[in-house]
$ cat final-v4.txt   # compact mmCIF, all heavy atoms
# COMPACT_ATOMS: atom_id res chain seq x y z
N MET A 1 12.57 0.25 -0.51
CA MET A 1 11.44 -0.21 -1.28
C MET A 1 11.86 -0.24 -2.75
O MET A 1 12.28 0.76 -3.29
CB MET A 1 10.28 0.76 -1.02
CG MET A 1 8.99 0.32 -1.55
SD MET A 1 7.56 1.29 -0.99
CE MET A 1 8.23 2.74 -0.28
N SER A 2 11.75 -1.37 -3.36
CA SER A 2 12.24 -1.51 -4.72
C SER A 2 11.20 -1.11 -5.77
O SER A 2 11.54 -0.73 -6.87
CB SER A 2 12.69 -2.95 -4.96
OG SER A 2 11.60 -3.83 -4.79
N GLU A 3 9.93 -1.19 -5.43
CA GLU A 3 8.87 -0.90 -6.38
C GLU A 3 8.23 0.44 -6.02
O GLU A 3 7.96 0.73 -4.87
CB GLU A 3 7.82 -2.01 -6.32
CG GLU A 3 6.84 -1.98 -7.44
CD GLU A 3 5.90 -3.18 -7.40
OE1 GLU A 3 6.17 -4.14 -6.68
OE2 GLU A 3 4.90 -3.11 -8.10
N GLU A 4 7.99 1.28 -7.02
CA GLU A 4 7.37 2.57 -6.76
C GLU A 4 5.89 2.41 -6.51
O GLU A 4 5.24 1.55 -7.08
CB GLU A 4 7.58 3.50 -7.95
CG GLU A 4 8.73 4.39 -7.66
CD GLU A 4 8.76 5.63 -8.51
OE1 GLU A 4 7.79 6.40 -8.54
OE2 GLU A 4 9.80 5.79 -9.13
N LEU A 5 5.35 3.28 -5.66
CA LEU A 5 3.94 3.25 -5.35
C LEU A 5 3.16 4.10 -6.35
O LEU A 5 3.57 5.21 -6.68
CB LEU A 5 3.70 3.81 -3.94
CG LEU A 5 4.33 3.02 -2.81
CD1 LEU A 5 4.17 3.78 -1.50
CD2 LEU A 5 3.71 1.65 -2.71
N LYS A 6 2.03 3.57 -6.80
CA LYS A 6 1.14 4.34 -7.66
C LYS A 6 0.41 5.37 -6.80
O LYS A 6 0.31 5.23 -5.58
CB LYS A 6 0.11 3.42 -8.32
CG LYS A 6 0.68 2.55 -9.42
CD LYS A 6 -0.43 1.80 -10.10
CE LYS A 6 0.08 0.97 -11.24
NZ LYS A 6 -1.02 0.24 -11.91
N PRO A 7 -0.14 6.41 -7.43
CA PRO A 7 -0.94 7.39 -6.67
C PRO A 7 -2.13 6.70 -6.00
O PRO A 7 -2.57 5.63 -6.42
CB PRO A 7 -1.41 8.37 -7.75
CG PRO A 7 -0.43 8.23 -8.85
CD PRO A 7 -0.01 6.79 -8.84
N CYS A 8 -2.67 7.35 -5.01
CA CYS A 8 -3.84 6.82 -4.30
C CYS A 8 -4.99 6.62 -5.29
O CYS A 8 -5.29 7.51 -6.08
CB CYS A 8 -4.25 7.80 -3.19
SG CYS A 8 -5.75 7.28 -2.32
N PRO A 9 -5.63 5.46 -5.26
CA PRO A 9 -6.72 5.20 -6.20
C PRO A 9 -7.98 6.01 -5.89
O PRO A 9 -8.89 6.08 -6.71
CB PRO A 9 -6.99 3.71 -6.04
CG PRO A 9 -6.53 3.38 -4.67
CD PRO A 9 -5.36 4.30 -4.41
N PHE A 10 -8.04 6.65 -4.73
CA PHE A 10 -9.23 7.40 -4.35
C PHE A 10 -9.06 8.90 -4.53
O PHE A 10 -9.93 9.56 -5.08
CB PHE A 10 -9.63 7.07 -2.90
CG PHE A 10 -9.98 5.62 -2.74
CD1 PHE A 10 -9.08 4.73 -2.21
CD2 PHE A 10 -11.20 5.14 -3.17
CE1 PHE A 10 -9.38 3.39 -2.09
CE2 PHE A 10 -11.53 3.80 -3.06
CZ PHE A 10 -10.61 2.92 -2.52
N CYS A 11 -7.94 9.46 -4.05
CA CYS A 11 -7.78 10.92 -4.13
C CYS A 11 -6.68 11.35 -5.10
O CYS A 11 -6.56 12.52 -5.41
CB CYS A 11 -7.50 11.50 -2.74
SG CYS A 11 -5.84 11.17 -2.10
N GLY A 12 -5.87 10.39 -5.58
CA GLY A 12 -4.82 10.71 -6.55
C GLY A 12 -3.53 11.25 -5.95
O GLY A 12 -2.59 11.56 -6.68
N ALA A 13 -3.45 11.35 -4.62
CA ALA A 13 -2.24 11.86 -3.98
C ALA A 13 -1.05 10.94 -4.25
O ALA A 13 -1.21 9.73 -4.41
CB ALA A 13 -2.46 11.98 -2.47
N THR A 14 0.11 11.52 -4.31
CA THR A 14 1.32 10.75 -4.61
C THR A 14 2.24 10.60 -3.40
O THR A 14 3.36 10.14 -3.54
CB THR A 14 2.11 11.42 -5.75
OG1 THR A 14 2.43 12.76 -5.36
CG2 THR A 14 1.33 11.43 -7.04
N ASN A 15 1.78 10.97 -2.23
CA ASN A 15 2.64 10.89 -1.05
C ASN A 15 2.23 9.75 -0.11
O ASN A 15 2.18 9.91 1.09
CB ASN A 15 2.67 12.23 -0.30
CG ASN A 15 1.31 12.64 0.22
OD1 ASN A 15 0.30 12.12 -0.21
ND2 ASN A 15 1.30 13.57 1.14
N SER A 16 1.93 8.59 -0.68
CA SER A 16 1.61 7.40 0.11
C SER A 16 2.89 6.80 0.67
O SER A 16 3.98 7.08 0.19
CB SER A 16 0.89 6.38 -0.75
OG SER A 16 -0.30 6.93 -1.27
N HIS A 17 2.74 5.96 1.70
CA HIS A 17 3.91 5.35 2.32
C HIS A 17 3.58 3.95 2.82
O HIS A 17 2.44 3.62 3.06
CB HIS A 17 4.40 6.23 3.47
CG HIS A 17 3.42 6.33 4.60
ND1 HIS A 17 2.32 7.16 4.53
CD2 HIS A 17 3.35 5.70 5.79
CE1 HIS A 17 1.63 7.04 5.65
NE2 HIS A 17 2.23 6.15 6.43
N LEU A 18 4.62 3.14 2.97
CA LEU A 18 4.48 1.79 3.48
C LEU A 18 4.51 1.84 4.99
O LEU A 18 5.34 2.54 5.58
CB LEU A 18 5.63 0.93 2.95
CG LEU A 18 5.55 -0.56 3.28
CD1 LEU A 18 4.42 -1.21 2.50
CD2 LEU A 18 6.86 -1.24 2.96
N GLN A 19 3.60 1.12 5.65
CA GLN A 19 3.55 1.07 7.10
C GLN A 19 3.65 -0.36 7.59
O GLN A 19 3.28 -1.29 6.88
CB GLN A 19 2.24 1.67 7.62
CG GLN A 19 2.21 3.17 7.65
CD GLN A 19 0.99 3.67 8.38
OE1 GLN A 19 -0.06 3.79 7.78
NE2 GLN A 19 1.13 3.97 9.65
N LEU A 20 4.11 -0.51 8.81
CA LEU A 20 4.19 -1.80 9.47
C LEU A 20 3.30 -1.73 10.70
O LEU A 20 3.35 -0.75 11.46
CB LEU A 20 5.63 -2.09 9.89
CG LEU A 20 5.86 -3.29 10.80
CD1 LEU A 20 5.51 -4.58 10.07
CD2 LEU A 20 7.30 -3.32 11.27
N LYS A 21 2.44 -2.74 10.88
CA LYS A 21 1.57 -2.80 12.06
C LYS A 21 1.62 -4.21 12.61
O LYS A 21 1.98 -5.16 11.92
CB LYS A 21 0.12 -2.47 11.71
CG LYS A 21 -0.24 -1.03 11.74
CD LYS A 21 -1.75 -0.85 11.64
CE LYS A 21 -2.11 0.61 11.58
NZ LYS A 21 -3.54 0.83 11.41
N TYR A 22 1.22 -4.34 13.84
CA TYR A 22 1.08 -5.65 14.46
C TYR A 22 -0.41 -5.89 14.70
O TYR A 22 -1.03 -5.27 15.53
CB TYR A 22 1.84 -5.70 15.78
CG TYR A 22 3.32 -5.66 15.57
CD1 TYR A 22 4.01 -4.46 15.55
CD2 TYR A 22 4.04 -6.83 15.34
CE1 TYR A 22 5.38 -4.43 15.33
CE2 TYR A 22 5.40 -6.81 15.12
CZ TYR A 22 6.06 -5.60 15.11
OH TYR A 22 7.41 -5.57 14.88
N ILE A 23 -0.97 -6.76 13.89
CA ILE A 23 -2.37 -7.14 13.99
C ILE A 23 -2.38 -8.66 14.12
O ILE A 23 -2.52 -9.37 13.14
CB ILE A 23 -3.19 -6.69 12.76
CG1 ILE A 23 -2.99 -5.21 12.48
CG2 ILE A 23 -4.66 -7.04 12.92
CD1 ILE A 23 -3.58 -4.73 11.17
N GLY A 24 -2.16 -9.14 15.33
CA GLY A 24 -2.02 -10.59 15.51
C GLY A 24 -0.77 -11.10 14.83
O GLY A 24 -0.66 -12.26 14.49
N GLY A 25 0.17 -10.24 14.61
CA GLY A 25 1.43 -10.54 13.92
C GLY A 25 1.83 -9.35 13.07
O GLY A 25 1.08 -8.39 12.94
N GLU A 26 2.99 -9.42 12.51
CA GLU A 26 3.53 -8.31 11.71
C GLU A 26 2.89 -8.28 10.33
O GLU A 26 2.89 -9.29 9.63
CB GLU A 26 5.04 -8.50 11.59
CG GLU A 26 5.75 -7.38 10.93
CD GLU A 26 7.25 -7.62 10.94
OE1 GLU A 26 7.90 -7.26 11.91
OE2 GLU A 26 7.73 -8.19 9.95
N VAL A 27 2.33 -7.14 9.94
CA VAL A 27 1.78 -6.97 8.60
C VAL A 27 2.19 -5.62 8.03
O VAL A 27 2.45 -4.67 8.77
CB VAL A 27 0.23 -7.09 8.56
CG1 VAL A 27 -0.23 -8.49 8.92
CG2 VAL A 27 -0.43 -6.06 9.43
N PHE A 28 2.25 -5.56 6.72
CA PHE A 28 2.58 -4.33 6.00
C PHE A 28 1.37 -3.89 5.21
O PHE A 28 0.57 -4.71 4.76
CB PHE A 28 3.72 -4.58 5.02
CG PHE A 28 5.02 -4.96 5.65
CD1 PHE A 28 5.34 -6.29 5.84
CD2 PHE A 28 5.91 -3.99 6.06
CE1 PHE A 28 6.54 -6.65 6.43
CE2 PHE A 28 7.12 -4.33 6.64
CZ PHE A 28 7.44 -5.67 6.83
N PHE A 29 1.25 -2.59 5.01
CA PHE A 29 0.23 -2.04 4.11
C PHE A 29 0.69 -0.66 3.68
O PHE A 29 1.54 -0.05 4.30
CB PHE A 29 -1.15 -1.97 4.79
CG PHE A 29 -1.20 -1.06 5.98
CD1 PHE A 29 -1.62 0.26 5.83
CD2 PHE A 29 -0.83 -1.50 7.23
CE1 PHE A 29 -1.65 1.11 6.92
CE2 PHE A 29 -0.87 -0.66 8.32
CZ PHE A 29 -1.28 0.65 8.17
N VAL A 30 0.11 -0.18 2.58
CA VAL A 30 0.40 1.16 2.09
C VAL A 30 -0.74 2.06 2.52
O VAL A 30 -1.91 1.67 2.47
CB VAL A 30 0.56 1.18 0.56
CG1 VAL A 30 0.77 2.60 0.05
CG2 VAL A 30 1.73 0.30 0.14
N ALA A 31 -0.40 3.27 2.97
CA ALA A 31 -1.42 4.23 3.41
C ALA A 31 -1.22 5.56 2.70
O ALA A 31 -0.09 5.97 2.44
CB ALA A 31 -1.32 4.43 4.92
N CYS A 32 -2.33 6.22 2.38
CA CYS A 32 -2.31 7.54 1.76
C CYS A 32 -2.25 8.59 2.86
O CYS A 32 -3.04 8.55 3.81
CB CYS A 32 -3.56 7.74 0.92
SG CYS A 32 -3.69 9.40 0.23
N ASN A 33 -1.34 9.53 2.74
CA ASN A 33 -1.21 10.60 3.72
C ASN A 33 -2.29 11.67 3.59
O ASN A 33 -2.49 12.45 4.51
CB ASN A 33 0.16 11.27 3.59
CG ASN A 33 1.27 10.36 4.02
OD1 ASN A 33 1.14 9.57 4.94
ND2 ASN A 33 2.39 10.45 3.32
N GLU A 34 -2.99 11.71 2.47
CA GLU A 34 -4.00 12.74 2.24
C GLU A 34 -5.39 12.30 2.72
O GLU A 34 -6.02 12.97 3.51
CB GLU A 34 -4.07 13.12 0.76
CG GLU A 34 -2.83 13.79 0.25
CD GLU A 34 -2.56 15.13 0.90
OE1 GLU A 34 -3.53 15.89 1.15
OE2 GLU A 34 -1.38 15.42 1.18
N CYS A 35 -5.88 11.18 2.21
CA CYS A 35 -7.25 10.75 2.52
C CYS A 35 -7.30 9.60 3.53
O CYS A 35 -8.37 9.09 3.83
CB CYS A 35 -8.02 10.40 1.25
SG CYS A 35 -7.48 8.88 0.43
N ILE A 36 -6.15 9.18 4.02
CA ILE A 36 -6.01 8.16 5.05
C ILE A 36 -6.50 6.78 4.60
O ILE A 36 -6.81 5.92 5.40
CB ILE A 36 -6.72 8.58 6.37
CG1 ILE A 36 -6.48 10.04 6.69
CG2 ILE A 36 -6.27 7.73 7.54
CD1 ILE A 36 -5.03 10.44 6.86
N THR A 37 -6.59 6.55 3.31
CA THR A 37 -6.93 5.23 2.79
C THR A 37 -5.79 4.26 3.09
O THR A 37 -4.62 4.64 3.00
CB THR A 37 -7.14 5.31 1.26
OG1 THR A 37 -8.27 6.13 1.00
CG2 THR A 37 -7.36 3.95 0.64
N GLU A 38 -6.12 3.03 3.42
CA GLU A 38 -5.12 1.99 3.63
C GLU A 38 -5.35 0.86 2.65
O GLU A 38 -6.49 0.45 2.43
CB GLU A 38 -5.20 1.44 5.06
CG GLU A 38 -4.84 2.45 6.11
CD GLU A 38 -4.92 1.90 7.52
OE1 GLU A 38 -5.35 0.74 7.70
OE2 GLU A 38 -4.55 2.62 8.45
N GLY A 39 -4.27 0.35 2.07
CA GLY A 39 -4.35 -0.79 1.19
C GLY A 39 -4.46 -2.07 1.97
O GLY A 39 -4.38 -2.07 3.21
N PRO A 40 -4.62 -3.19 1.29
CA PRO A 40 -4.73 -4.48 1.96
C PRO A 40 -3.47 -4.83 2.75
O PRO A 40 -2.37 -4.57 2.30
CB PRO A 40 -4.92 -5.47 0.81
CG PRO A 40 -5.29 -4.66 -0.38
CD PRO A 40 -4.71 -3.30 -0.16
N ALA A 41 -3.66 -5.41 3.91
CA ALA A 41 -2.54 -5.84 4.75
C ALA A 41 -1.98 -7.16 4.23
O ALA A 41 -2.74 -8.06 3.86
CB ALA A 41 -2.99 -5.99 6.19
N ARG A 42 -0.66 -7.23 4.18
CA ARG A 42 0.03 -8.45 3.73
C ARG A 42 1.19 -8.73 4.68
O ARG A 42 1.75 -7.83 5.27
CB ARG A 42 0.56 -8.27 2.30
CG ARG A 42 -0.49 -7.98 1.26
CD ARG A 42 -1.34 -9.22 1.00
NE ARG A 42 -2.23 -9.03 -0.13
CZ ARG A 42 -3.52 -8.78 -0.04
NH1 ARG A 42 -4.09 -8.67 1.14
NH2 ARG A 42 -4.26 -8.65 -1.11
N LYS A 43 1.59 -9.99 4.76
CA LYS A 43 2.70 -10.37 5.64
C LYS A 43 4.06 -10.06 5.03
O LYS A 43 5.05 -10.00 5.72
CB LYS A 43 2.61 -11.85 5.99
CG LYS A 43 1.45 -12.16 6.90
CD LYS A 43 1.45 -13.57 7.37
CE LYS A 43 0.27 -13.78 8.30
NZ LYS A 43 0.43 -14.94 9.14
N ILE A 44 4.09 -9.85 3.72
CA ILE A 44 5.35 -9.58 3.02
C ILE A 44 5.26 -8.18 2.40
O ILE A 44 4.26 -7.83 1.76
CB ILE A 44 5.61 -10.64 1.93
CG1 ILE A 44 5.72 -12.02 2.59
CG2 ILE A 44 6.86 -10.32 1.12
CD1 ILE A 44 5.76 -13.17 1.63
N GLN A 45 6.30 -7.39 2.62
CA GLN A 45 6.33 -6.00 2.18
C GLN A 45 6.03 -5.86 0.69
O GLN A 45 5.20 -5.04 0.29
CB GLN A 45 7.69 -5.41 2.51
CG GLN A 45 7.86 -3.97 2.13
CD GLN A 45 9.19 -3.41 2.58
OE1 GLN A 45 9.79 -3.89 3.53
NE2 GLN A 45 9.66 -2.40 1.90
N SER A 46 6.68 -6.64 -0.14
CA SER A 46 6.49 -6.52 -1.59
C SER A 46 5.07 -6.87 -2.00
O SER A 46 4.54 -6.30 -2.96
CB SER A 46 7.49 -7.41 -2.34
OG SER A 46 7.30 -8.77 -2.01
N GLU A 47 4.41 -7.76 -1.27
CA GLU A 47 3.02 -8.11 -1.58
C GLU A 47 2.08 -6.96 -1.22
O GLU A 47 1.08 -6.75 -1.90
CB GLU A 47 2.60 -9.38 -0.86
CG GLU A 47 3.28 -10.62 -1.42
CD GLU A 47 2.91 -11.89 -0.68
OE1 GLU A 47 2.08 -11.84 0.26
OE2 GLU A 47 3.46 -12.93 -1.04
N ALA A 48 2.38 -6.21 -0.17
CA ALA A 48 1.57 -5.04 0.19
C ALA A 48 1.68 -3.97 -0.90
O ALA A 48 0.69 -3.33 -1.25
CB ALA A 48 2.00 -4.49 1.54
N ILE A 49 2.87 -3.80 -1.43
CA ILE A 49 3.08 -2.82 -2.51
C ILE A 49 2.34 -3.25 -3.77
O ILE A 49 1.65 -2.45 -4.40
CB ILE A 49 4.59 -2.63 -2.78
CG1 ILE A 49 5.26 -2.01 -1.56
CG2 ILE A 49 4.81 -1.79 -4.04
CD1 ILE A 49 6.77 -2.03 -1.61
N THR A 50 2.43 -4.53 -4.11
CA THR A 50 1.73 -5.05 -5.28
C THR A 50 0.22 -4.89 -5.12
O THR A 50 -0.47 -4.50 -6.07
CB THR A 50 2.09 -6.53 -5.52
OG1 THR A 50 3.49 -6.63 -5.76
CG2 THR A 50 1.33 -7.12 -6.69
N ALA A 51 -0.30 -5.17 -3.92
CA ALA A 51 -1.73 -5.02 -3.67
C ALA A 51 -2.17 -3.57 -3.84
O ALA A 51 -3.21 -3.28 -4.43
CB ALA A 51 -2.07 -5.53 -2.27
N TRP A 52 -1.37 -2.63 -3.36
CA TRP A 52 -1.69 -1.19 -3.49
C TRP A 52 -1.67 -0.78 -4.95
O TRP A 52 -2.52 -0.02 -5.41
CB TRP A 52 -0.68 -0.36 -2.71
CG TRP A 52 -0.86 1.12 -2.88
CD1 TRP A 52 -0.21 1.93 -3.75
CD2 TRP A 52 -1.77 1.96 -2.17
NE1 TRP A 52 -0.62 3.23 -3.62
CE2 TRP A 52 -1.60 3.28 -2.66
CE3 TRP A 52 -2.71 1.74 -1.16
CZ2 TRP A 52 -2.34 4.35 -2.16
CZ3 TRP A 52 -3.44 2.82 -0.68
CH2 TRP A 52 -3.24 4.10 -1.19
N ASN A 53 -0.70 -1.27 -5.69
CA ASN A 53 -0.54 -0.87 -7.09
C ASN A 53 -1.50 -1.56 -8.04
O ASN A 53 -1.61 -1.16 -9.19
CB ASN A 53 0.91 -1.14 -7.55
CG ASN A 53 1.88 -0.13 -6.97
OD1 ASN A 53 1.50 0.96 -6.54
ND2 ASN A 53 3.14 -0.49 -6.94
N SER A 54 -2.22 -2.58 -7.57
CA SER A 54 -3.19 -3.28 -8.41
C SER A 54 -4.44 -2.44 -8.56
O SER A 54 -4.96 -1.89 -7.59
CB SER A 54 -3.56 -4.63 -7.78
OG SER A 54 -2.44 -5.45 -7.72
N ARG A 55 -4.92 -2.32 -9.78
CA ARG A 55 -6.12 -1.54 -10.06
C ARG A 55 -7.09 -2.38 -10.86
O ARG A 55 -6.70 -3.08 -11.80
CB ARG A 55 -5.79 -0.28 -10.87
CG ARG A 55 -4.79 0.66 -10.23
CD ARG A 55 -5.39 1.31 -8.98
NE ARG A 55 -4.60 2.44 -8.51
CZ ARG A 55 -3.76 2.37 -7.50
NH1 ARG A 55 -3.56 1.25 -6.88
NH2 ARG A 55 -3.09 3.45 -7.10
N ALA A 56 -8.35 -2.33 -10.50
CA ALA A 56 -9.39 -3.06 -11.22
C ALA A 56 -9.39 -2.65 -12.68
O ALA A 56 -9.28 -1.45 -12.99
CB ALA A 56 -10.75 -2.80 -10.61
N GLY A 57 -9.48 -3.61 -13.56
CA GLY A 57 -9.54 -3.31 -14.98
C GLY A 57 -8.18 -3.18 -15.66
O GLY A 57 -8.12 -3.10 -16.87
N GLU A 58 -7.10 -3.15 -14.89
CA GLU A 58 -5.75 -3.07 -15.47
C GLU A 58 -5.15 -4.47 -15.55
O GLU A 58 -5.38 -5.30 -14.69
CB GLU A 58 -4.81 -2.22 -14.60
CG GLU A 58 -5.06 -0.75 -14.69
CD GLU A 58 -4.03 0.05 -13.90
OE1 GLU A 58 -3.08 -0.54 -13.33
OE2 GLU A 58 -4.17 1.27 -13.84
N LYS A 59 -4.36 -4.68 -16.58
CA LYS A 59 -3.65 -5.95 -16.70
C LYS A 59 -2.44 -5.91 -15.78
O LYS A 59 -1.82 -4.87 -15.61
CB LYS A 59 -3.20 -6.19 -18.14
CG LYS A 59 -4.34 -6.47 -19.07
CD LYS A 59 -3.85 -6.81 -20.44
CE LYS A 59 -5.03 -7.11 -21.35
NZ LYS A 59 -4.62 -7.53 -22.67
N ALA A 60 -2.12 -7.05 -15.19
CA ALA A 60 -0.98 -7.14 -14.26
C ALA A 60 0.34 -6.96 -14.96
O ALA A 60 0.53 -7.10 -16.09
CB ALA A 60 -1.02 -8.48 -13.55

$ encode --input "final-v4.txt" --output "structure tokens"
Amino acid sequence: MSEELKPCPFCGATNSHLQLKYIGGEVFFVACNECITEGPARKIQSEAITAWNSRAGEKA
């Protein structure tokens, strides 16, 4: 993984990880190990990381 994951936007935990699932096809998402929050599913790994790291009100 080339991009670092930001802390969980809900609980602040820093031990999130990238997961791969098959939901009508292969998708990636980031999940928090503490509060079990999952980020948006994306077909491309880097897009799942970007989606997780995006925060409302922050500039890209």

$ residues_around --input "final-v4.txt" --residues "segment 11-20 of chain A" --least-positions-apart "6" --cutoff "4.5 Å" --atoms "all heavy atoms" --output "list in words"
Met1, Leu5, Glu26, Val27, Phe28, Phe29, Val30, Ala31, Cys32, Asn33, Glu34, Cys35, Gln45, Ala48, Ile49 and Trp52 of chain A

$ atom_distance --input "final-v4.txt" --atom1 "atom CE1 of Phe10 of chain A" --atom2 "atom CG2 of Ile36 of chain A"
11.0 Å

$ atom_distance --input "final-v4.txt" --atom1 "atom CA of Ala51 of chain A" --atom2 "atom CA of Gly24 of chain A"
20.0 Å

$ axis_aligned_box --input "final-v4.txt" --around "segment 13-19 of chain A" --padding-each-side "6 Å" --output "JSON"
{"center_x": 1.7, "center_y": 6.1, "center_z": 1.3, "size_x": 22.3, "size_y": 26.9, "size_z": 28.7}

$ select_by_dssp --input "final-v4.txt" --residues "chain A" --states "strand (DSSP E)" --output "PyMOL selection string"
chain A and resi 17-22+26-31

$ atom_distance --input "final-v4.txt" --atom1 "atom CG of Arg42 of chain A" --atom2 "atom CE of Lys59 of chain A"
23.1 Å

$ decode --input "final-v4.txt" --residues "chain A" --atoms "C-alpha atoms" --output "short mmCIF file (atom, residue, chain, number, x, y, z; two decimals), in the first residue's frame"
data_model
loop_
_atom_site.label_atom_id
_atom_site.label_comp_id
_atom_site.auth_asym_id
_atom_site.auth_seq_id
_atom_site.Cartn_x
_atom_site.Cartn_y
_atom_site.Cartn_z
CA MET A 1 0.00 0.00 0.00
CA SER A 2 1.63 3.21 -1.11
CA GLU A 3 -0.63 5.67 0.69
CA GLU A 4 -0.95 5.79 4.47
CA LEU A 5 -4.37 5.42 6.03
CA LYS A 6 -5.76 8.22 8.18
CA PRO A 7 -7.20 7.32 11.60
CA CYS A 8 -10.80 6.15 11.72
CA PRO A 9 -13.12 9.16 11.29
CA PHE A 10 -15.47 7.78 13.95
CA CYS A 11 -13.35 6.39 16.80
CA GLY A 12 -9.88 7.75 15.93
CA ALA A 13 -8.21 4.32 15.94
CA THR A 14 -5.06 4.01 13.85
CA ASN A 15 -5.14 0.27 13.20
CA SER A 16 -7.37 0.23 10.11
CA HIS A 17 -6.63 -2.11 7.22
CA LEU A 18 -7.45 -2.63 3.56
CA GLN A 19 -9.78 -5.55 2.79
CA LEU A 20 -10.80 -7.35 -0.37
CA LYS A 21 -14.34 -8.71 -0.77
CA TYR A 22 -16.38 -10.19 -3.55
CA ILE A 23 -19.68 -8.36 -3.84
CA GLY A 24 -20.80 -9.17 -7.36
CA GLY A 25 -17.12 -8.79 -8.23
CA GLU A 26 -13.87 -7.87 -6.55
CA VAL A 27 -13.97 -4.71 -4.41
CA PHE A 28 -11.63 -3.10 -1.89
CA PHE A 29 -12.47 -1.09 1.20
CA VAL A 30 -10.76 0.07 4.38
CA ALA A 31 -12.09 -1.21 7.70
CA CYS A 32 -11.45 -0.09 11.28
CA ASN A 33 -10.39 -2.88 13.63
CA GLU A 34 -11.81 -1.07 16.68
CA CYS A 35 -15.33 0.10 15.78
CA ILE A 36 -15.80 -2.09 12.68
CA THR A 37 -16.55 0.89 10.43
CA GLU A 38 -16.06 0.21 6.72
CA GLY A 39 -15.20 2.81 4.12
CA PRO A 40 -16.76 2.98 0.67
CA ALA A 41 -16.15 -0.02 -1.59
CA ARG A 42 -14.15 0.65 -4.75
CA LYS A 43 -12.93 -1.55 -7.59
CA ILE A 44 -9.41 -0.13 -7.40
CA GLN A 45 -7.31 -0.40 -4.23
CA SER A 46 -5.94 3.15 -4.39
CA GLU A 47 -9.46 4.56 -4.81
CA ALA A 48 -10.62 2.75 -1.65
CA ILE A 49 -7.71 4.31 0.26
CA THR A 50 -8.50 7.77 -1.13
CA ALA A 51 -12.17 7.36 -0.19
CA TRP A 52 -11.22 6.38 3.39
CA ASN A 53 -8.80 9.29 3.72
CA SER A 54 -11.32 11.85 2.40
CA ARG A 55 -12.90 13.94 5.13
CA ALA A 56 -15.80 16.36 4.84
CA GLY A 57 -14.64 19.95 5.04
CA GLU A 58 -11.00 19.15 4.14
CA LYS A 59 -9.41 20.22 0.89
CA ALA A 60 -8.20 17.37 -1.31
#
